[in-house]
Structure formats: structure tokens, C-alpha cells
$ cat query-v1.pdb   # PDB, C-alpha atoms
MODEL        1
ATOM      1  CA  MET A   1    -142.621 -11.717   8.295
ATOM      2  CA  SER A   2    -139.151 -12.773   7.247
ATOM      3  CA  GLY A   3    -136.878 -15.475   8.562
ATOM      4  CA  LYS A   4    -134.803 -12.779  10.239
ATOM      5  CA  SER A   5    -137.711 -11.876  12.532
ATOM      6  CA  LEU A   6    -137.186 -15.016  14.591
ATOM      7  CA  SER A   7    -136.335 -12.991  17.656
ATOM      8  CA  GLN A   8    -139.688 -11.239  17.543
ATOM      9  CA  ALA A   9    -141.642 -14.412  18.139
ATOM     10  CA  GLY A  10    -138.989 -16.929  18.864
ATOM     11  CA  PHE A  11    -139.798 -20.423  19.883
ATOM     12  CA  ALA A  12    -138.623 -23.695  18.496
ATOM     13  CA  PHE A  13    -138.346 -27.406  18.952
ATOM     14  CA  GLY A  14    -138.816 -30.514  16.869
ATOM     15  CA  ALA A  15    -141.484 -31.940  19.184
ATOM     16  CA  PRO A  16    -144.646 -30.269  20.504
ATOM     17  CA  LEU A  17    -143.694 -27.087  22.278
ATOM     18  CA  LEU A  18    -144.331 -26.766  25.995
ATOM     19  CA  PHE A  19    -146.536 -23.842  25.215
ATOM     20  CA  GLY A  20    -148.776 -23.007  28.159
ATOM     21  CA  LEU A  21    -149.448 -26.558  29.293
ATOM     22  CA  THR A  22    -152.521 -26.196  31.461
ATOM     23  CA  LEU A  23    -153.409 -28.450  34.354
ATOM     24  CA  PHE A  24    -156.889 -27.540  35.525
ATOM     25  CA  ALA A  25    -157.783 -28.237  39.124
ATOM     26  CA  SER A  26    -160.679 -30.444  38.110
ATOM     27  CA  PRO A  27    -160.131 -33.512  35.897
ATOM     28  CA  ASP A  28    -163.655 -32.908  34.606
ATOM     29  CA  PHE A  29    -162.694 -29.730  32.754
ATOM     30  CA  SER A  30    -163.476 -29.967  29.048
ATOM     31  CA  HIS A  31    -162.343 -27.565  26.346
ATOM     32  CA  PRO A  32    -164.853 -29.001  23.820
ATOM     33  CA  VAL A  33    -167.763 -28.357  26.208
ATOM     34  CA  HIS A  34    -166.731 -24.760  26.832
ATOM     35  CA  LEU A  35    -166.021 -24.061  23.173
ATOM     36  CA  GLY A  36    -169.379 -25.617  22.332
ATOM     37  CA  LEU A  37    -171.038 -22.948  24.452
ATOM     38  CA  GLY A  38    -169.727 -20.352  22.027
ATOM     39  CA  LEU A  39    -167.068 -18.981  24.355
ATOM     40  CA  ALA A  40    -164.176 -17.297  22.583
ATOM     41  CA  CYS A  41    -160.671 -18.251  23.664
ATOM     42  CA  SER A  42    -160.141 -14.671  24.833
ATOM     43  CA  HIS A  43    -163.054 -14.983  27.262
ATOM     44  CA  CYS A  44    -160.910 -17.177  29.521
ATOM     45  CA  HIS A  45    -157.437 -16.345  28.224
ATOM     46  CA  ALA A  46    -157.710 -12.579  27.874
ATOM     47  CA  GLY A  47    -154.080 -12.216  28.917
ATOM     48  CA  ALA A  48    -152.908 -13.668  25.596
ATOM     49  CA  GLU A  49    -153.742 -10.383  23.880
ATOM     50  CA  THR A  50    -151.165  -8.476  25.923
ATOM     51  CA  SER A  51    -148.653 -11.206  26.861
ATOM     52  CA  ARG A  52    -145.137 -10.516  25.593
ATOM     53  CA  GLN A  53    -143.210 -13.225  27.460
ATOM     54  CA  ALA A  54    -143.452 -17.013  27.256
ATOM     55  CA  GLY A  55    -143.525 -17.221  31.036
ATOM     56  CA  ASP A  56    -146.613 -15.028  31.422
ATOM     57  CA  ARG A  57    -149.517 -16.785  33.110
ATOM     58  CA  ILE A  58    -152.520 -16.316  30.862
ATOM     59  CA  PHE A  59    -154.854 -18.736  32.607
ATOM     60  CA  PRO A  60    -158.368 -17.567  33.531
ATOM     61  CA  ARG A  61    -158.881 -15.775  36.812
ATOM     62  CA  PRO A  62    -161.152 -17.644  39.266
ATOM     63  CA  ALA A  63    -163.704 -14.855  38.931
ATOM     64  CA  VAL A  64    -164.112 -15.711  35.241
ATOM     65  CA  CYS A  65    -164.963 -19.324  36.054
ATOM     66  CA  LEU A  66    -167.244 -18.371  38.928
ATOM     67  CA  SER A  67    -169.210 -15.965  36.748
ATOM     68  CA  CYS A  68    -170.875 -19.073  35.295
ATOM     69  CA  HIS A  69    -170.166 -21.704  37.939
ATOM     70  CA  SER A  70    -171.973 -20.003  40.771
ATOM     71  CA  GLY A  71    -174.277 -22.949  41.361
ATOM     72  CA  ALA A  72    -177.306 -21.278  39.808
ATOM     73  CA  GLU A  73    -177.075 -22.678  36.264
ATOM     74  CA  ARG A  74    -173.726 -24.467  36.136
ATOM     75  CA  THR A  75    -171.896 -26.849  38.435
ATOM     76  CA  PRO A  76    -170.634 -24.877  41.441
ATOM     77  CA  LEU A  77    -166.876 -24.687  41.884
ATOM     78  CA  ASP A  78    -164.761 -24.254  44.965
ATOM     79  CA  PRO A  79    -162.556 -21.203  44.240
ATOM     80  CA  ASP A  80    -159.846 -22.620  46.492
ATOM     81  CA  ARG A  81    -159.448 -25.535  44.069
ATOM     82  CA  LEU A  82    -158.960 -23.363  40.997
ATOM     83  CA  ARG A  83    -155.257 -23.781  40.405
ATOM     84  CA  TRP A  84    -153.288 -23.798  37.190
ATOM     85  CA  THR A  85    -149.685 -24.833  36.755
ATOM     86  CA  SER A  86    -147.347 -24.636  33.786
ATOM     87  CA  PRO A  87    -143.902 -26.027  32.971
ATOM     88  CA  GLU A  88    -140.725 -24.027  32.711
ATOM     89  CA  ARG A  89    -140.364 -22.448  29.286
ATOM     90  CA  SER A  90    -137.220 -23.009  27.268
ATOM     91  CA  TYR A  91    -138.044 -20.414  24.622
ATOM     92  CA  LYS A  92    -139.143 -16.858  23.943
ATOM     93  CA  PHE A  93    -142.618 -16.070  22.687
ATOM     94  CA  ASP A  94    -144.785 -12.996  22.150
ATOM     95  CA  HIS A  95    -148.459 -13.970  22.279
ATOM     96  CA  ALA A  96    -149.675 -10.422  21.664
ATOM     97  CA  PHE A  97    -147.692 -10.136  18.425
ATOM     98  CA  HIS A  98    -149.139 -13.364  17.061
ATOM     99  CA  VAL A  99    -152.706 -12.595  18.139
ATOM    100  CA  ARG A 100    -152.520  -9.377  16.101
ATOM    101  CA  LEU A 101    -151.564 -11.398  13.011
ATOM    102  CA  GLY A 102    -155.014 -12.985  12.972
ATOM    103  CA  ASP A 103    -155.839 -16.463  11.666
ATOM    104  CA  LEU A 104    -152.682 -18.327  10.661
ATOM    105  CA  ALA A 105    -154.459 -21.516   9.567
ATOM    106  CA  PRO A 106    -154.514 -20.566   5.837
ATOM    107  CA  LEU A 107    -150.800 -19.770   5.987
ATOM    108  CA  LEU A 108    -149.955 -23.147   7.521
ATOM    109  CA  ALA A 109    -152.239 -24.934   5.060
ATOM    110  CA  ALA A 110    -150.599 -23.187   2.094
ATOM    111  CA  ALA A 111    -147.145 -24.229   3.329
ATOM    112  CA  ILE A 112    -148.250 -27.874   3.490
ATOM    113  CA  ASP A 113    -149.967 -27.724   0.103
ATOM    114  CA  GLY A 114    -146.854 -26.160  -1.405
ATOM    115  CA  GLY A 115    -144.509 -28.762   0.062
ATOM    116  CA  LYS A 116    -142.707 -26.205   2.239
ATOM    117  CA  TYR A 117    -143.895 -27.412   5.631
ATOM    118  CA  LEU A 118    -141.060 -29.050   7.593
ATOM    119  CA  GLY A 119    -143.307 -31.350   9.591
ATOM    120  CA  SER A 120    -145.943 -33.997   9.149
ATOM    121  CA  PRO A 121    -148.625 -33.118   6.561
ATOM    122  CA  GLU A 122    -151.100 -35.174   8.608
ATOM    123  CA  ILE A 123    -152.260 -31.980  10.333
ATOM    124  CA  ARG A 124    -153.608 -30.587   7.047
ATOM    125  CA  PRO A 125    -157.280 -31.644   7.511
ATOM    126  CA  LEU A 126    -157.354 -29.983  10.943
ATOM    127  CA  LEU A 127    -156.460 -26.632   9.411
ATOM    128  CA  ASP A 128    -159.670 -26.540   7.357
ATOM    129  CA  GLN A 129    -161.692 -26.347  10.563
ATOM    130  CA  ALA A 130    -159.155 -24.404  12.621
ATOM    131  CA  GLY A 131    -159.200 -20.672  13.063
ATOM    132  CA  GLY A 132    -157.724 -18.031  15.302
ATOM    133  CA  CYS A 133    -156.016 -19.603  18.307
ATOM    134  CA  MET A 134    -156.779 -23.121  17.140
ATOM    135  CA  ALA A 135    -154.595 -22.732  14.064
ATOM    136  CA  CYS A 136    -151.679 -23.425  16.403
ATOM    137  CA  HIS A 137    -153.558 -25.058  19.291
ATOM    138  CA  ARG A 138    -155.129 -27.681  17.067
ATOM    139  CA  GLY A 139    -157.298 -30.271  18.771
ATOM    140  CA  LEU A 140    -158.782 -28.179  21.572
ATOM    141  CA  ASP A 141    -162.262 -28.712  20.199
ATOM    142  CA  ALA A 142    -161.628 -32.469  19.957
ATOM    143  CA  GLY A 143    -160.643 -32.836  23.583
ATOM    144  CA  GLU A 144    -156.869 -33.192  23.301
ATOM    145  CA  ALA A 145    -155.348 -32.330  26.657
ATOM    146  CA  THR A 146    -152.389 -30.292  25.475
ATOM    147  CA  PRO A 147    -152.660 -29.315  21.796
ATOM    148  CA  LEU A 148    -149.420 -27.407  21.431
ATOM    149  CA  PRO A 149    -147.690 -25.882  18.394
ATOM    150  CA  VAL A 150    -144.694 -27.648  16.914
ATOM    151  CA  MET A 151    -141.524 -26.067  15.627
ATOM    152  CA  SER A 152    -142.595 -26.786  12.050
ATOM    153  CA  ASP A 153    -145.458 -24.329  12.537
ATOM    154  CA  CYS A 154    -143.038 -21.599  13.569
ATOM    155  CA  LEU A 155    -140.710 -22.255  10.657
ATOM    156  CA  VAL A 156    -143.369 -21.463   8.084
ATOM    157  CA  CYS A 157    -142.531 -17.811   8.722
ATOM    158  CA  HIS A 158    -139.359 -17.968  10.778
ATOM    159  CA  SER A 159    -137.393 -19.948   8.226
ATOM    160  CA  GLU A 160    -133.814 -18.995   9.039
ATOM    161  CA  ILE A 161    -132.170 -22.225  10.211
ATOM    162  CA  ASP A 162    -128.447 -22.399  10.826
ATOM    163  CA  ASN A 163    -128.077 -25.049  13.508
ATOM    164  CA  PRO A 164    -126.600 -24.642  16.061
ATOM    165  CA  PHE A 165    -126.090 -20.904  15.610
ATOM    166  CA  SER A 166    -129.718 -19.899  15.114
ATOM    167  CA  CYS A 167    -131.050 -21.802  18.151
ATOM    168  CA  GLY A 168    -130.440 -18.801  20.382
ATOM    169  CA  TYR A 169    -132.899 -16.699  18.403
ATOM    170  CA  CYS A 170    -135.692 -18.623  20.063
ATOM    171  CA  HIS A 171    -134.356 -20.700  22.928
ATOM    172  CA  LEU A 172    -133.013 -19.506  26.227
ATOM    173  CA  GLU A 173    -129.315 -19.814  26.901
ATOM    174  CA  GLY A 174    -128.233 -23.006  28.624
ATOM    175  CA  VAL A 175    -131.291 -25.071  27.630
ATOM    176  CA  ASN A 176    -130.529 -28.637  26.538
ATOM    177  CA  LEU A 177    -132.084 -29.024  23.090
ATOM    178  CA  ARG A 178    -130.456 -32.317  22.176
ATOM    179  CA  PRO A 179    -133.120 -35.012  21.482
ATOM    180  CA  ALA A 180    -132.995 -38.015  23.797
ATOM    181  CA  ASP A 181    -132.085 -40.386  20.964
ATOM    182  CA  HIS A 182    -128.973 -38.372  20.045
ATOM    183  CA  THR A 183    -126.650 -40.594  22.062
ATOM    184  CA  GLN A 184    -122.986 -41.270  21.349
ATOM    185  CA  GLU A 185    -124.040 -44.332  19.346
ATOM    186  CA  PHE A 186    -126.281 -42.120  17.230
ATOM    187  CA  ALA A 187    -123.434 -39.657  16.714
ATOM    188  CA  ASP A 188    -121.152 -42.455  15.547
ATOM    189  CA  LEU A 189    -123.658 -44.118  13.217
ATOM    190  CA  HIS A 190    -126.038 -41.479  11.882
ATOM    191  CA  GLY A 191    -123.983 -40.775   8.777
ATOM    192  CA  THR A 192    -123.136 -44.390   7.976
ATOM    193  CA  GLY A 193    -126.498 -45.650   6.786
ATOM    194  CA  LYS A 194    -126.446 -48.368   9.436
ATOM    195  CA  ILE A 195    -129.397 -46.926  11.329
ATOM    196  CA  GLN A 196    -132.813 -45.999  10.037
ATOM    197  CA  LEU A 197    -133.235 -42.246  10.128
ATOM    198  CA  ASP A 198    -136.565 -40.496   9.896
ATOM    199  CA  LYS A 199    -135.103 -37.630   7.921
ATOM    200  CA  ALA A 200    -138.338 -35.661   8.089
ATOM    201  CA  SER A 201    -137.854 -35.398  11.843
ATOM    202  CA  CYS A 202    -134.428 -33.831  11.262
ATOM    203  CA  LEU A 203    -135.780 -30.932   9.216
ATOM    204  CA  PRO A 204    -137.227 -28.693  11.951
ATOM    205  CA  CYS A 205    -133.865 -28.409  13.689
ATOM    206  CA  HIS A 206    -131.507 -28.762  10.715
ATOM    207  CA  GLY A 207    -133.480 -27.348   7.779
ATOM    208  CA  THR A 208    -133.501 -28.740   4.263
ATOM    209  CA  ASN A 209    -129.983 -27.728   3.270
ATOM    210  CA  PHE A 210    -127.946 -28.876   6.249
ATOM    211  CA  GLU A 211    -124.499 -30.362   5.673
ATOM    212  CA  CYS A 212    -122.138 -32.361   7.874
ATOM    213  CA  ARG A 213    -119.998 -29.300   8.519
ATOM    214  CA  GLY A 214    -122.987 -27.512   9.993
ATOM    215  CA  CYS A 215    -122.416 -29.555  13.149
ATOM    216  CA  HIS A 216    -118.857 -30.782  12.606
TER     217      HIS A 216
ENDMDL
END

$ encode --input "query-v1.pdb" --output "C-alpha cells"
Amino acid sequence: MSGKSLSQAGFAFGAPLLFGLTLFASPDFSHPVHLGLGLACSHCHAGAETSRQAGDRIFPRPAVCLSCHSGAERTPLDPDRLRWTSPERSYKFDHAFHVRLGDLAPLLAAAIDGGKYLGSPEIRPLLDQAGGCMACHRGLDAGEATPLPVMSDCLVCHSEIDNPFSCGYCHLEGVNLRPADHTQEFADLHGTGKIQLDKASCLPCHGTNFECRGCH
């Protein structure tokens, strides 16, 4: 996959992506418990294998949950309470395309080991245990509520960054992508050295070779 294939997969942001944020009807739902039973991600999220749009709802159908939670062996569930909600997406994404690629954990790990990952290397240990869906949705087995990919994951393959011109490859038109801390004061001071910049946080949006004239 080259940097020019951004539009095939297309999603981006410097913070965790709002990628299928799931709110289960019951606060007692546990991903670690269900994964510990040996259930594959596709058992509940079968729609991921055919989903071509970021807005597709790939949550499990109530019948899937009730196949186990009938009250015979597992806690019974009220089907009327099985509701899932998700936020508005600001990006394009093709789940089916990425599922066909297989396990991306080794690819992400190699980028970190080679110093080419544009995000925090702290995720590296997680990639040794991750596989399949959990290469990007790291932390599901540890009980994190919303383990979402970050833009740095995407940029391992989709490396064409020409801010602000390349944003439209991944993000929908009209979406506000400006970070909350990019106020007028920030605009006035960020090039003066008078404020402390976490330059690593700039990389996912601006790349490693950005210049002042890229924005000005």
C-alpha cells in the first residue's frame, strides 16, 4: 500500500479516532470476559468483513447475544435493552479492505522499531500480544472501554501528508479538524519558542518535513 492509497482507507486524526465507539446497553458488558471465552471478533461484529463505509453499524444483532444469554447457561438479557449507539464519523473508512489485509500488528511494530512511527512508541509492548482486529483496537482484552486506532497507525501505510491539502483524502468536507489548543494565542506564539511544544504531537497532522509555508 502506498501513501497515495489514502482514499482507499482514509481516516485520520492526531488523537484516538472515533472509530465505532460502542455503548452497550448494560454497564456490565465486558470485552475481556467475552474474548476469554474464545469468541472471535467476527462472531459479534460480522459486519466488519463487508463494511465499506465508516458510518456502517457493525454492532452485534440481538439474536447473536441471545444465542448464549437465553437464561439457560448465561445471564438472561432483555432484548429490548440491547441498544448500541455510535458518534458521528468525521472520516472515511473501509473495514472490509483492512480485514482482508490480515494482521497489521507486525507492520506497526516494525514502524516503531525502525523509528518511522509518528506517534508514541509506548504502544509497542501491546503489539507483541495483539493480532487481527486488536492490532488497531489495542486494549480490548484489558478492558479498555474504547480502544480506538490513532492517526499514527494509519500513517504507517498512508504516509502522504501535505497539510492542509491532504486532509480531504480521509476526512469529510466541512469537519473541524483544528485541535482545541490551537487558539489565536497559539497561532501567534507557536513559532517563537515562548511556549512549550510537544513536537511529537504535531507529526501526525503535519508530517516530519513540514515548513511554515505549509500553513502560511

$ residues_around --input "query-v1.pdb" --residues "Ala63 of chain A" --least-positions-apart "6" --cutoff "12 Å" --atoms "all atoms listed in the file" --output "PyMOL selection string"
chain A and resi 43-44+69-70+77-80+82

$ closest_residue --input "query-v1.pdb" --among "A:Gly114, A:Pro164, A:Pro60, A:Gly119" --to "Leu177 of chain A" --atoms "all atoms listed in the file"
A:Pro164

$ atom_distance --input "query-v1.pdb" --atom1 "atom CA of Ala54 of chain A" --atom2 "atom CA of His98 of chain A"
12.2 Å

$ residues_around --input "query-v1.pdb" --residues "Val99 of chain A" --least-positions-apart "2" --cutoff "9 Å" --atoms "all atoms listed in the file" --output "PyMOL selection string"
chain A and resi 48-50+94-97+101-103+132-133

$ write_last_selection --input "query-v1.pdb" --atoms "C-alpha atoms" --output "PDB file, keeping the file's coordinate frame"
ATOM      1  CA  ALA A  48    -152.908 -13.668  25.596  1.00  0.00           C
ATOM      2  CA  GLU A  49    -153.742 -10.383  23.880  1.00  0.00           C
ATOM      3  CA  THR A  50    -151.165  -8.476  25.923  1.00  0.00           C
ATOM      4  CA  ASP A  94    -144.785 -12.996  22.150  1.00  0.00           C
ATOM      5  CA  HIS A  95    -148.459 -13.970  22.279  1.00  0.00           C
ATOM      6  CA  ALA A  96    -149.675 -10.422  21.664  1.00  0.00           C
ATOM      7  CA  PHE A  97    -147.692 -10.136  18.425  1.00  0.00           C
ATOM      8  CA  LEU A 101    -151.564 -11.398  13.011  1.00  0.00           C
ATOM      9  CA  GLY A 102    -155.014 -12.985  12.972  1.00  0.00           C
ATOM     10  CA  ASP A 103    -155.839 -16.463  11.666  1.00  0.00           C
ATOM     11  CA  GLY A 132    -157.724 -18.031  15.302  1.00  0.00           C
ATOM     12  CA  CYS A 133    -156.016 -19.603  18.307  1.00  0.00           C
TER      13      CYS A 133
END

$ atom_distance --input "query-v1.pdb" --atom1 "atom CA of Arg74 of chain A" --atom2 "atom CA of Pro32 of chain A"
15.8 Å

$ closest_residue --input "query-v1.pdb" --among "A:Gly131, A:Pro204, A:Gly193, A:Gly168" --to "Leu104 of chain A" --atoms "all atoms listed in the file"
A:Gly131

$ resolve_selection --input "query-v1.pdb" --expression "the PyMOL selection byres ((chain A and resi 124) around 12)" --output "PDB file with C-alpha atoms, keeping the file's coordinate frame"
ATOM      1  CA  ALA A 105    -154.459 -21.516   9.567  1.00  0.00           C
ATOM      2  CA  PRO A 106    -154.514 -20.566   5.837  1.00  0.00           C
ATOM      3  CA  LEU A 107    -150.800 -19.770   5.987  1.00  0.00           C
ATOM      4  CA  LEU A 108    -149.955 -23.147   7.521  1.00  0.00           C
ATOM      5  CA  ALA A 109    -152.239 -24.934   5.060  1.00  0.00           C
ATOM      6  CA  ALA A 110    -150.599 -23.187   2.094  1.00  0.00           C
ATOM      7  CA  ALA A 111    -147.145 -24.229   3.329  1.00  0.00           C
ATOM      8  CA  ILE A 112    -148.250 -27.874   3.490  1.00  0.00           C
ATOM      9  CA  ASP A 113    -149.967 -27.724   0.103  1.00  0.00           C
ATOM     10  CA  GLY A 114    -146.854 -26.160  -1.405  1.00  0.00           C
ATOM     11  CA  GLY A 115    -144.509 -28.762   0.062  1.00  0.00           C
ATOM     12  CA  TYR A 117    -143.895 -27.412   5.631  1.00  0.00           C
ATOM     13  CA  GLY A 119    -143.307 -31.350   9.591  1.00  0.00           C
ATOM     14  CA  SER A 120    -145.943 -33.997   9.149  1.00  0.00           C
ATOM     15  CA  PRO A 121    -148.625 -33.118   6.561  1.00  0.00           C
ATOM     16  CA  GLU A 122    -151.100 -35.174   8.608  1.00  0.00           C
ATOM     17  CA  ILE A 123    -152.260 -31.980  10.333  1.00  0.00           C
ATOM     18  CA  PRO A 125    -157.280 -31.644   7.511  1.00  0.00           C
ATOM     19  CA  LEU A 126    -157.354 -29.983  10.943  1.00  0.00           C
ATOM     20  CA  LEU A 127    -156.460 -26.632   9.411  1.00  0.00           C
ATOM     21  CA  ASP A 128    -159.670 -26.540   7.357  1.00  0.00           C
ATOM     22  CA  GLN A 129    -161.692 -26.347  10.563  1.00  0.00           C
ATOM     23  CA  ALA A 130    -159.155 -24.404  12.621  1.00  0.00           C
ATOM     24  CA  ALA A 135    -154.595 -22.732  14.064  1.00  0.00           C
ATOM     25  CA  CYS A 136    -151.679 -23.425  16.403  1.00  0.00           C
ATOM     26  CA  ARG A 138    -155.129 -27.681  17.067  1.00  0.00           C
ATOM     27  CA  ASP A 153    -145.458 -24.329  12.537  1.00  0.00           C
TER      28      ASP A 153
END

$ atom_distance --input "query-v1.pdb" --atom1 "atom CA of Arg83 of chain A" --atom2 "atom CA of Ser67 of chain A"
16.4 Å

$ resolve_selection --input "query-v1.pdb" --expression "the PyMOL selection byres ((chain A and resi 58) around 9)" --output "list of chain:residue names"
A:Gly20, A:Cys44, A:His45, A:Ala46, A:Gly47, A:Ala48, A:Ser51, A:Asp56, A:Arg57, A:Phe59, A:Pro60, A:Arg61

$ closest_residue --input "query-v1.pdb" --among "A:Gln196, A:Thr208, A:Ser152, A:Ser90" --to "Glu173 of chain A" --atoms "all atoms listed in the file"
A:Ser90

$ closest_residue --input "query-v1.pdb" --among "A:Glu88, A:Lys116, A:Arg81, A:Leu37" --to "Ala200 of chain A" --atoms "all atoms listed in the file"
A:Lys116

$ decode --input "query-v1.pdb" --residues "segment 79-111 of chain A" --atoms "C-alpha atoms" --output "compact mmCIF listing (two decimals), in the first residue's frame"
# COMPACT_ATOMS: atom_id res chain seq x y z
CA PRO A 79 -33.72 -7.92 24.07
CA ASP A 80 -35.48 -4.57 24.40
CA ARG A 81 -32.44 -3.24 26.28
CA LEU A 82 -29.92 -4.25 23.64
CA ARG A 83 -29.09 -0.90 22.12
CA TRP A 84 -25.87 0.37 20.63
CA THR A 85 -25.05 3.94 19.72
CA SER A 86 -22.10 5.47 17.90
CA PRO A 87 -20.84 9.01 17.31
CA GLU A 88 -20.90 10.84 14.03
CA ARG A 89 -17.91 9.94 11.89
CA SER A 90 -15.68 12.66 10.51
CA TYR A 91 -13.73 10.37 8.20
CA LYS A 92 -13.92 7.68 5.54
CA PHE A 93 -13.03 4.09 6.30
CA ASP A 94 -13.29 0.70 4.60
CA HIS A 95 -13.36 -2.06 7.21
CA ALA A 96 -13.61 -4.83 4.63
CA PHE A 97 -10.44 -3.70 2.86
CA HIS A 98 -8.45 -3.69 6.09
CA VAL A 99 -9.83 -7.01 7.32
CA ARG A 100 -8.56 -8.62 4.10
CA LEU A 101 -5.06 -7.31 4.83
CA GLY A 102 -4.81 -9.61 7.84
CA ASP A 103 -2.79 -8.94 10.99
CA LEU A 104 -1.25 -5.46 10.91
CA ALA A 105 0.45 -5.73 14.31
CA PRO A 106 3.86 -6.75 12.86
CA LEU A 107 3.70 -3.83 10.42
CA LEU A 108 3.01 -1.33 13.20
CA ALA A 109 5.71 -2.87 15.39
CA ALA A 110 8.27 -2.66 12.58
CA ALA A 111 7.46 1.02 12.04
